[in-house]
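Peer 1: What follows is a single structure, and I will ask about it in a moment.
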Amino acid sequence: MLSESPEHRRQVFRDLLVVVAVTVAVFVLSSALELRERITELTRPLESYQLDELPLTVAALALSLAWFAWRRWRQLQHTQKELAETLTENRLLSQRYLLVQEEERRNLAREMHDELGQCLNAIKLDAVSICELSKGLQPEIERSAGSIVEISNHVYEVVRSMMQRLRPAALDALGLRDAVSDLVDQWRRRNPSVMCAFEADDDLSELGELTNITVYRLVQECLTNVAKHSGATHVYVGVARASMRELRATVRDNGRGLDVNAKRSGLGLVGLRERVEALDGRLELAGAPGTGVHVTAWLPVISKTGIE
């Protein structure tokens with residue numbers, strides 16, 4: 001909560017010091033100049049209008065305003081507490097939603113691999129058999145069977161790419177470091193004109209499912225943006241532990257950059273920010289036109305279940 005933060009407590013302490021200092025200064029000044037006596041002398045001719053009672057009335061007003069401010073402060077404290085509880089609940093719900101989403105993606109990718117992949121493989125094998133049997137005897141059937149083999153290979157590559165986007169198999173089989181390394185290698189092959197450097201700590205294990213998938217999606221989305229929009233010639237990807245409880249992921253390029261304060265219609269960076277903040281992390285976007293883009297995310301290391 002804001003009211004419990006060290007910075008807020010320091011501000012409250014400073015404000016109290018100001019109040020005490022002003023009160024003491026007024027008392028000393030009033031004593032030195034005998035302000036009460038002067039005010040009494042000034043208001044005595046107007047006693048018929050009861051203006052001599054004005055100081056007491058002003059004091060009562062000051063006390064009433066202090067009570068009013070205290071009441072509003074208590075209400076603000078209560079509202080902040082409710083907002084903090086709601087925010088915590090929303091973050092837990094977002095984490096649960098991300099877990100369910102990734103589980104559904106994993107299941108869908110598995111079904112595509114087991115069912116669609118096997119069917120495509122069976123079609124390809126039958127087409128190869130037909131091609132072998134008709135070879136030299138029926139050229140038209142041989143050509144048709146060869147076309148079926150080519151189409152089957154193409155469809156399988158498309159399905160494989162879809163499975164990779166749904167759920168990176170390397171993330172489950174190899175872990176975060178090798179999965180991101182594999183992602184960067186694939187991106188290099190598709191973008192040979194861009195130099196892409198990758199660095200990562202050796203120990204990136206035991207980070208939790210949500211942290212792993214969020215870092216992977218962050219790098220994936222940033223590299224996609226670099227290829228589509230930046231026109232960069234150099235890209236850097238880094239994943240390292242900032243501390244025992246926090247992970248830092250960085251992607252920066254030397255492309256055309258962007259205005260970080262401009263309103264954007266795309267949902268890529270917005271979705272990344274929501275993913276990171278749902279894990280109680282923070283995402284920083286730095287850059288300017290002509291200077292490239294620097295994306296940095298700090299993510300907490302979450303337990304295997306994703307819910308502490």
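In the structure tokens, each chain is lettered A, B, ... as it comes, each chain's residues begin at 1, and ligands are numbered from 1 in order of appearance.
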Using DSSP assignments from the backbone, pull out every residue in range 2-215 of chain A that falls under alpha helix (DSSP H) and give it to me as number ranges by chain.
Peer 2: A: 6-33, 35-43, 54-111, 117-134, 139-166, 169-173, 176-190, 209-215
Peer 1: I'd like the neighbourhood of Pro168 in chain A as a PDB file with N, CA and C atoms, in the first residue's frame, where a residue qualifies if any of its atoms comes within 10 Å (using only C-alpha atoms), though same-chain residues fewer than 6 positions away should be ignored.
Peer 2:
```pdb
ATOM      1  N   ARG A 105      -2.810 -24.042 -24.690  1.00  0.00           N
ATOM      2  CA  ARG A 105      -1.923 -24.007 -25.853  1.00  0.00           C
ATOM      3  C   ARG A 105      -1.071 -25.264 -25.943  1.00  0.00           C
ATOM      4  N   ARG A 106      -0.574 -25.721 -24.778  1.00  0.00           N
ATOM      5  CA  ARG A 106       0.222 -26.936 -24.765  1.00  0.00           C
ATOM      6  C   ARG A 106      -0.600 -28.137 -25.230  1.00  0.00           C
ATOM      7  N   ALA A 109      -1.245 -27.842 -29.019  1.00  0.00           N
ATOM      8  CA  ALA A 109      -0.046 -28.177 -29.791  1.00  0.00           C
ATOM      9  C   ALA A 109       0.207 -29.683 -29.772  1.00  0.00           C
ATOM     10  N   SER A 161       5.145 -24.833 -37.578  1.00  0.00           N
ATOM     11  CA  SER A 161       5.303 -23.432 -37.190  1.00  0.00           C
ATOM     12  C   SER A 161       4.175 -22.993 -36.246  1.00  0.00           C
ATOM     13  N   MET A 162       2.950 -23.435 -36.522  1.00  0.00           N
ATOM     14  CA  MET A 162       1.827 -23.108 -35.645  1.00  0.00           C
ATOM     15  C   MET A 162       2.015 -23.713 -34.265  1.00  0.00           C
ATOM     16  N   ALA A 179      15.833 -22.640 -24.721  1.00  0.00           N
ATOM     17  CA  ALA A 179      14.661 -22.325 -25.530  1.00  0.00           C
ATOM     18  C   ALA A 179      14.795 -20.948 -26.173  1.00  0.00           C
ATOM     19  N   VAL A 180      15.234 -19.959 -25.398  1.00  0.00           N
ATOM     20  CA  VAL A 180      15.432 -18.619 -25.959  1.00  0.00           C
ATOM     21  C   VAL A 180      16.581 -18.632 -26.965  1.00  0.00           C
ATOM     22  N   ASP A 182      17.411 -21.126 -28.874  1.00  0.00           N
ATOM     23  CA  ASP A 182      16.862 -21.727 -30.086  1.00  0.00           C
ATOM     24  C   ASP A 182      15.978 -20.732 -30.839  1.00  0.00           C
ATOM     25  N   LEU A 183      15.193 -19.956 -30.091  1.00  0.00           N
ATOM     26  CA  LEU A 183      14.356 -18.933 -30.709  1.00  0.00           C
ATOM     27  C   LEU A 183      15.209 -17.901 -31.448  1.00  0.00           C
ATOM     28  N   ILE A 213       7.573 -18.609 -19.466  1.00  0.00           N
ATOM     29  CA  ILE A 213       6.796 -18.346 -20.669  1.00  0.00           C
ATOM     30  C   ILE A 213       6.712 -16.852 -20.939  1.00  0.00           C
ATOM     31  N   TYR A 216       9.980 -15.803 -22.551  1.00  0.00           N
ATOM     32  CA  TYR A 216      10.023 -16.320 -23.925  1.00  0.00           C
ATOM     33  C   TYR A 216       9.125 -15.490 -24.838  1.00  0.00           C
ATOM     34  N   ARG A 217       7.899 -15.204 -24.406  1.00  0.00           N
ATOM     35  CA  ARG A 217       6.980 -14.402 -25.231  1.00  0.00           C
ATOM     36  C   ARG A 217       7.502 -12.978 -25.413  1.00  0.00           C
TER      37      ARG A 217
END
```
Peer 1: Leaving out range 127-133 of chain A and any residue of its chain fewer than 3 positions from it, which residues lie within 8 Å of it when counting only C-alpha atoms, given as a count of residues only?
Peer 2: 9
Peer 1: Enumerate, in order of chain and increasing residue number, the residues of range 58-176 of chain A with an atom no farther than 12 Å from range 193-206 of chain A, each with its shortest atom pair and distance in Å to one decimal, counting only C-alpha atoms, as a Markdown table.
Peer 2:
```
| residue | atom | partner | partner_atom | distance |
| --- | --- | --- | --- | --- |
| A:Leu171 | CA | A:Ser205 | CA | 11.2 |
| A:Asp172 | CA | A:Ser205 | CA | 11.6 |
| A:Leu174 | CA | A:Ser205 | CA | 10.2 |
| A:Gly175 | CA | A:Ser205 | CA | 7.1 |
| A:Leu176 | CA | A:Leu204 | CA | 6.6 |
```
Peer 1: With only C-alpha atoms as the atoms that count, which of A:Thr40, A:Ser152, A:Thr79, A:Thr214 lies nearest to Leu120 in chain A?
Peer 2: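 Checking each of A:Thr40, A:Ser152, A:Thr79, A:Thr214 against Leu120 in chain A, counting only C-alpha atoms, the winner is A:Ser152.
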Peer 1: For range 178-255 of chain A against range 282-288 of chain A, with a cut-off of 10 Å and counting only C-alpha atoms, what is the closest atom pair and its distance in Å to one decimal for every residue that makes the cut, ordered by chain and number, as a Markdown table?
Peer 2:
```
| residue | atom | partner | partner_atom | distance |
| --- | --- | --- | --- | --- |
| A:Arg248 | CA | A:Leu283 | CA | 9.9 |
| A:Ala249 | CA | A:Leu283 | CA | 9.5 |
| A:Thr250 | CA | A:Glu284 | CA | 9.6 |
| A:Val251 | CA | A:Leu285 | CA | 10.0 |
| A:Arg252 | CA | A:Ala286 | CA | 9.2 |
| A:Asp253 | CA | A:Gly287 | CA | 9.7 |
| A:Asn254 | CA | A:Gly287 | CA | 9.7 |
| A:Gly255 | CA | A:Gly287 | CA | 9.9 |
```
